[in-house]
$ cat query26.tsv   # TSV, C-alpha atoms
chain	number	residue	atom	x	y	z
T	598	MET	CA	59.57	120.86	-125.14
T	599	VAL	CA	61.05	120.31	-128.54
T	600	GLY	CA	63.69	121.89	-130.70
T	601	PRO	CA	64.16	125.59	-130.04
T	602	THR	CA	66.67	127.12	-132.43
T	603	SER	CA	69.50	129.48	-131.56
T	604	GLY	CA	68.26	132.67	-129.97
T	605	GLU	CA	64.63	131.55	-129.78
T	606	ALA	CA	62.69	132.90	-126.83
T	607	ARG	CA	60.87	130.43	-124.62
T	608	THR	CA	58.71	130.92	-121.56
T	609	ILE	CA	59.69	129.05	-118.42
T	610	GLY	CA	57.76	129.90	-115.29
T	611	SER	CA	57.15	133.63	-115.38
T	612	ARG	CA	60.20	134.59	-117.44
T	613	VAL	CA	61.29	134.43	-121.05
T	614	SER	CA	64.74	132.96	-121.72
T	615	HIS	CA	66.79	132.82	-124.88
T	616	TYR	CA	68.48	129.52	-125.67
T	617	VAL	CA	71.49	128.46	-127.72
T	618	HIS	CA	70.82	125.18	-129.52
T	619	TYR	CA	73.51	123.36	-131.50
T	620	GLY	CA	72.94	119.64	-132.13
T	621	ILE	CA	72.52	117.92	-128.79
T	622	PHE	CA	73.84	121.03	-127.04
T	623	LEU	CA	71.09	123.18	-125.50
T	624	ILE	CA	71.75	125.88	-122.93
T	625	SER	CA	70.09	129.11	-121.86
T	626	VAL	CA	71.98	132.30	-122.64
T	627	PRO	CA	72.17	133.35	-118.93
T	628	ASN	CA	73.73	129.97	-118.01
T	629	LEU	CA	76.14	130.24	-120.93
T	630	ILE	CA	77.19	133.72	-119.78
T	631	VAL	CA	77.80	132.48	-116.22
T	632	ILE	CA	79.92	129.52	-117.42
T	633	GLY	CA	81.86	131.86	-119.73
T	634	ALA	CA	82.46	134.25	-116.81
T	635	MET	CA	83.66	131.36	-114.62
T	636	VAL	CA	86.15	130.20	-117.24
T	637	ALA	CA	87.36	133.80	-117.72
T	638	VAL	CA	87.80	134.36	-113.95
T	639	PHE	CA	89.62	131.01	-113.63
T	640	VAL	CA	92.06	131.88	-116.43
T	641	LEU	CA	92.63	135.38	-115.00
T	642	ALA	CA	93.31	133.87	-111.55
T	643	LEU	CA	96.00	131.69	-113.13
T	644	VAL	CA	97.75	134.45	-115.06
T	645	LEU	CA	97.38	137.51	-112.80
T	646	ARG	CA	99.74	137.95	-109.87
T	647	LEU	CA	98.35	138.64	-106.43
T	648	PRO	CA	99.89	141.93	-105.22
T	649	ARG	CA	102.34	141.60	-102.34
T	650	HIS	CA	101.54	143.57	-99.20
T	651	GLY	CA	102.13	143.63	-95.47
T	652	ARG	CA	105.15	141.96	-93.89
T	653	GLY	CA	106.57	140.47	-97.04
T	654	ALA	CA	106.50	143.73	-99.05
S	457	MET	CA	98.83	115.26	-64.44
S	458	SER	CA	95.05	114.96	-64.57
S	459	THR	CA	93.76	112.11	-66.68
S	460	ASN	CA	90.04	112.78	-66.59
S	461	LEU	CA	87.97	112.75	-69.76
S	462	THR	CA	88.16	116.52	-70.37
S	463	ALA	CA	91.94	116.60	-69.95
S	464	ARG	CA	92.41	113.66	-72.29
S	465	LEU	CA	90.08	115.24	-74.87
S	466	ARG	CA	91.96	118.56	-74.62
S	467	ALA	CA	95.33	116.84	-75.01
S	468	ARG	CA	94.06	114.97	-78.03
S	469	LEU	CA	92.57	118.07	-79.69
S	470	VAL	CA	95.71	120.16	-79.08
S	471	ALA	CA	97.89	117.35	-80.45
S	472	ALA	CA	95.69	117.03	-83.57
S	473	LEU	CA	95.44	120.76	-84.16
S	474	PRO	CA	97.96	122.94	-82.25
S	475	PRO	CA	96.82	126.61	-81.89
S	476	GLU	CA	99.58	127.90	-84.21
S	477	GLN	CA	98.30	125.48	-86.87
S	478	LEU	CA	94.62	126.28	-86.21
S	479	LEU	CA	95.19	130.04	-86.57
S	480	PRO	CA	98.38	130.45	-88.62
S	481	ASP	CA	99.76	133.96	-89.19
S	482	SER	CA	101.64	133.05	-92.37
S	483	GLN	CA	101.24	130.77	-95.36
S	484	PRO	CA	103.72	129.25	-97.83
S	485	GLU	CA	104.82	131.48	-100.73
S	486	TYR	CA	102.83	129.46	-103.30
S	487	VAL	CA	99.55	130.46	-101.60
S	488	ARG	CA	100.13	134.02	-102.88
S	489	SER	CA	97.96	133.41	-105.95
S	490	TYR	CA	94.38	134.30	-106.88
S	491	VAL	CA	93.71	130.57	-107.39
S	492	TYR	CA	93.94	130.10	-103.63
S	493	VAL	CA	91.40	132.88	-103.02
S	494	PHE	CA	88.36	130.99	-104.33
S	495	GLY	CA	87.83	128.98	-101.12
S	496	ALA	CA	87.82	132.14	-98.99
S	497	MET	CA	85.41	133.80	-101.46
S	498	THR	CA	83.09	130.78	-101.15
S	499	LEU	CA	83.18	131.07	-97.37
S	500	ALA	CA	82.51	134.85	-97.53
S	501	SER	CA	79.51	134.21	-99.80
S	502	PHE	CA	78.24	131.54	-97.42
S	503	ILE	CA	78.41	133.94	-94.45
S	504	LEU	CA	76.46	136.56	-96.45
S	505	LEU	CA	74.01	133.85	-97.49
S	506	ILE	CA	73.33	132.83	-93.88
S	507	ALA	CA	73.08	136.44	-92.66
S	508	SER	CA	70.59	137.47	-95.38
S	509	GLY	CA	68.69	134.17	-94.92
S	510	VAL	CA	68.26	134.84	-91.20
S	511	VAL	CA	66.74	138.26	-91.99
S	512	LEU	CA	64.38	136.71	-94.59
S	513	ALA	CA	63.33	133.98	-92.14
S	514	LEU	CA	62.61	136.57	-89.43
S	515	PHE	CA	60.20	138.60	-91.56
S	516	GLY	CA	58.72	135.95	-93.88
S	517	PRO	CA	57.44	135.65	-97.47
S	518	GLY	CA	54.89	138.52	-97.27
S	519	TRP	CA	57.74	140.88	-96.42
S	520	TRP	CA	60.32	139.65	-98.96
S	521	HIS	CA	57.74	139.82	-101.78
S	522	ALA	CA	55.94	143.06	-100.94
S	523	SER	CA	58.30	145.43	-99.15
S	524	PRO	CA	61.17	147.31	-100.88
S	525	VAL	CA	63.56	146.40	-98.04
S	526	GLY	CA	62.33	142.80	-98.29
S	527	HIS	CA	63.11	142.85	-102.03
S	528	PHE	CA	66.58	144.12	-101.22
S	529	PHE	CA	67.31	141.30	-98.76
S	530	ASN	CA	65.75	138.79	-101.14
S	531	SER	CA	68.17	140.01	-103.82
S	532	ILE	CA	71.13	139.87	-101.42
S	533	HIS	CA	70.20	136.27	-100.64
S	534	PHE	CA	69.80	135.42	-104.33
S	535	TRP	CA	73.06	137.02	-105.44
S	536	SER	CA	75.03	135.58	-102.51
S	537	VAL	CA	73.95	132.08	-103.53
S	538	GLN	CA	75.04	132.85	-107.11
S	539	ALA	CA	78.43	133.98	-105.76
S	540	PHE	CA	78.60	130.94	-103.45
S	541	PHE	CA	78.22	128.45	-106.30
S	542	PHE	CA	80.31	130.55	-108.70
S	543	PHE	CA	83.30	130.53	-106.35
S	544	MET	CA	82.70	127.00	-105.05
S	545	VAL	CA	82.89	125.60	-108.60
S	546	LEU	CA	86.03	127.67	-109.32
S	547	HIS	CA	87.50	126.35	-106.03
S	548	LEU	CA	86.58	122.82	-107.15
S	549	TRP	CA	88.25	123.29	-110.55
S	550	ALA	CA	91.40	124.71	-108.96
S	551	GLN	CA	91.66	121.93	-106.38
S	552	PHE	CA	90.87	119.23	-108.94
S	553	PHE	CA	93.64	120.36	-111.30
S	554	MET	CA	96.03	120.59	-108.33
S	555	ALA	CA	95.04	117.05	-107.24
S	556	ALA	CA	94.29	118.48	-103.81
S	557	TRP	CA	93.78	115.04	-102.26
S	558	ARG	CA	97.57	114.51	-102.30
S	559	GLY	CA	99.63	114.34	-99.12
S	560	GLY	CA	97.04	112.77	-96.84
S	561	ARG	CA	94.34	115.30	-97.77
S	562	ARG	CA	91.70	112.72	-98.70
S	563	ILE	CA	89.29	113.83	-95.97
S	564	THR	CA	89.71	117.48	-96.98
S	565	TRP	CA	88.74	116.58	-100.54
S	566	LEU	CA	85.87	114.33	-99.46
S	567	THR	CA	84.31	116.85	-97.07
S	568	GLY	CA	84.52	119.48	-99.83
S	569	ALA	CA	82.86	117.18	-102.35
S	570	VAL	CA	80.06	116.21	-99.95
S	571	THR	CA	79.53	119.89	-99.04
S	572	PHE	CA	79.07	120.62	-102.74
S	573	VAL	CA	76.40	117.93	-103.10
S	574	VAL	CA	74.54	119.00	-99.93
S	575	SER	CA	74.70	122.64	-101.10
S	576	ILE	CA	72.85	121.69	-104.28
S	577	GLY	CA	70.03	120.32	-102.09
S	578	ALA	CA	70.08	123.50	-100.00
S	579	ALA	CA	69.84	125.66	-103.12
S	580	PHE	CA	67.08	123.50	-104.61
S	581	THR	CA	64.93	123.68	-101.47
S	582	GLY	CA	65.56	127.45	-101.58
S	583	TYR	CA	63.99	127.61	-105.04
S	584	LEU	CA	61.01	125.72	-103.59
S	585	SER	CA	60.74	128.13	-100.64
S	586	GLN	CA	60.32	131.32	-102.67
S	587	GLN	CA	56.51	131.29	-102.36
S	588	ASN	CA	55.86	132.42	-105.93
S	589	PHE	CA	54.84	130.89	-109.28
S	590	ASP	CA	58.45	129.87	-109.99
S	591	SER	CA	58.62	127.74	-106.85
S	592	GLN	CA	55.24	126.14	-107.63
S	593	TRP	CA	56.36	125.35	-111.17
S	594	ILE	CA	59.68	123.87	-109.99
S	595	ALA	CA	57.94	121.79	-107.30
S	596	VAL	CA	55.36	120.38	-109.73
S	597	GLN	CA	58.05	119.49	-112.29
S	598	GLY	CA	60.59	118.24	-109.74
S	599	LYS	CA	58.22	115.94	-107.83
S	600	ASP	CA	58.24	113.55	-110.79
S	601	ALA	CA	62.01	113.21	-110.53
S	602	MET	CA	61.73	112.50	-106.78
S	603	ASN	CA	59.02	109.90	-107.44
S	604	ALA	CA	61.09	108.33	-110.23
S	605	ILE	CA	64.01	107.69	-107.86
S	606	GLY	CA	61.66	106.43	-105.15
S	607	ILE	CA	61.98	109.13	-102.49
S	608	GLY	CA	58.84	111.12	-103.29
S	609	ALA	CA	57.04	109.81	-100.20
S	610	TYR	CA	59.82	111.03	-97.90
S	611	PHE	CA	60.86	114.20	-99.73
S	612	ASN	CA	57.69	115.82	-101.05
S	613	LEU	CA	58.48	118.91	-103.10
S	614	LEU	CA	54.84	120.03	-102.93
S	615	ASN	CA	55.00	120.15	-99.13
S	616	PHE	CA	56.15	123.71	-98.46
S	617	GLY	CA	56.61	123.15	-94.71
S	618	GLN	CA	58.95	120.22	-95.31
S	619	MET	CA	60.96	122.03	-98.01
S	620	TYR	CA	61.20	125.22	-95.92
S	621	THR	CA	62.43	123.28	-92.87
S	622	PHE	CA	65.04	121.56	-95.01
S	623	HIS	CA	66.07	124.93	-96.44
S	624	VAL	CA	66.24	127.06	-93.31
S	625	PHE	CA	67.48	124.47	-90.83
S	626	LEU	CA	68.56	120.95	-91.80
S	627	LEU	CA	70.60	121.64	-94.93
S	628	PRO	CA	72.26	124.90	-93.75
S	629	VAL	CA	73.31	123.14	-90.53
S	630	ALA	CA	74.72	120.28	-92.62
S	631	VAL	CA	76.57	122.67	-94.95
S	632	ALA	CA	77.92	124.70	-92.01
S	633	GLY	CA	79.05	121.53	-90.19
S	634	LEU	CA	80.73	120.08	-93.28
S	635	THR	CA	82.38	123.42	-94.05
S	636	THR	CA	83.76	123.53	-90.49
S	637	LEU	CA	85.16	120.00	-90.89
S	638	HIS	CA	86.61	120.99	-94.28
S	639	LEU	CA	88.31	124.09	-92.83
S	640	LEU	CA	89.68	122.15	-89.84
S	641	GLN	CA	91.13	119.61	-92.26
S	642	VAL	CA	92.68	122.41	-94.33
S	643	ARG	CA	94.28	123.80	-91.17
S	644	ARG	CA	95.41	120.37	-90.00
S	645	ARG	CA	96.91	119.15	-93.29
S	646	GLY	CA	97.85	122.57	-94.67
S	647	VAL	CA	97.09	124.08	-98.08
S	648	VAL	CA	97.99	121.70	-100.90
S	649	PRO	CA	101.22	122.72	-102.69
S	650	PRO	CA	101.33	122.98	-106.50
S	651	ILE	CA	102.24	119.78	-108.37
S	652	PRO	CA	106.06	119.75	-108.80
S	653	PRO	CA	107.21	120.07	-112.47
S	654	ARG	CA	109.01	116.69	-112.15
S	655	GLU	CA	105.68	114.89	-111.57
S	656	LEU	CA	103.91	116.84	-114.31
S	657	GLY	CA	106.51	115.71	-116.85
S	658	ARG	CA	106.08	112.02	-116.07

$ encode --input "query26.tsv" --output "structure tokens"
Amino acid sequence: MVGPTSGEARTIGSRVSHYVHYGIFLISVPNLIVIGAMVAVFVLALVLRLPRHGRGA
Amino acid sequence: MSTNLTARLRARLVAALPPEQLLPDSQPEYVRSYVYVFGAMTLASFILLIASGVVLALFGPGWWHASPVGHFFNSIHFWSVQAFFFFMVLHLWAQFFMAAWRGGRRITWLTGAVTFVVSIGAAFTGYLSQQNFDSQWIAVQGKDAMNAIGIGAYFNLLNFGQMYTFHVFLLPVAVAGLTTLHLLQVRRRGVVPPIPPRELGR
């Protein structure tokens, strides 16, 4: 499979996926969203404080 | 004092992992952070994964493809594996940046890393066990990779029976066993503390 451009739809199996293509970088939009969500959750976990409860409250 | 095999084994196990260490009722203050929650989330996802997988295995492909309740359990299984990998990778990132192998925690790190690799195999054989066009497509494409690395004769992606057995028995047992070892190591060595600022500045 050669050279899809940004946002181009492509059929894989029974589904159609959109891909982001920039140079050697090629990734499906769903995978990009998941990686973005993981980075966001990781950063939030670092900056947000876990509420105190129970014995130590 | 009795010195038979059972007594010696018990003494050794209790010495390695005293009950208060195996089931602690408190953790150090630094554990009160969302970063330390990712491991527990991974374990919760794994439990959901096994539970939904048992239901799917009981009723079979005809049920999970054709019945509304089957679709529901199929979706639970699918989304729990998404959550499992989502949180496992976040757990990996967090532990990597904390250098979680410090303080004699090498085995904890290693069992976690091996669990990750085996989980990829478990997920892959799951894709092959779906019994739909996706699984056929993935098997036909993937077999070339297996042949290229020389294991195609022993691990045949087109053999549904072999892939299904790997998926519902061999690999889940391996992941569960490794996870148990990982958790016992966490309890034995304790949760890794954050890197002290002094070391970070070096």

$ residues_around --input "query26.tsv" --residues "Ser508 in chain S" --least-positions-apart "3" --cutoff "9 Å" --atoms "all atoms listed in the file" --output "ChimeraX atom specification"
/S:503-505,511-513,529-530,532-533,536

$ interface_residues --input "query26.tsv" --of "chain S" --to "chain T" --cutoff "8 Å" --atoms "only C-alpha atoms" --output "PyMOL selection string"
chain S and resi 488-491+542+546+589-590+593

$ atom_distance --input "query26.tsv" --atom1 "CA of Gln597 in chain S" --atom2 "CA of Phe625 in chain S"
24.0 Å

$ atom_distance --input "query26.tsv" --atom1 "CA of Ile630 in chain T" --atom2 "CA of Asn588 in chain S"
25.5 Å

$ atom_distance --input "query26.tsv" --atom1 "CA of Val487 in chain S" --atom2 "CA of Gly646 in chain S"
10.6 Å

$ closest_residue --input "query26.tsv" --among "S:Ala569, S:Pro649, S:Val642, S:Pro628" --to "Ile506 in chain S" --atoms "only C-alpha atoms"
S:Pro628
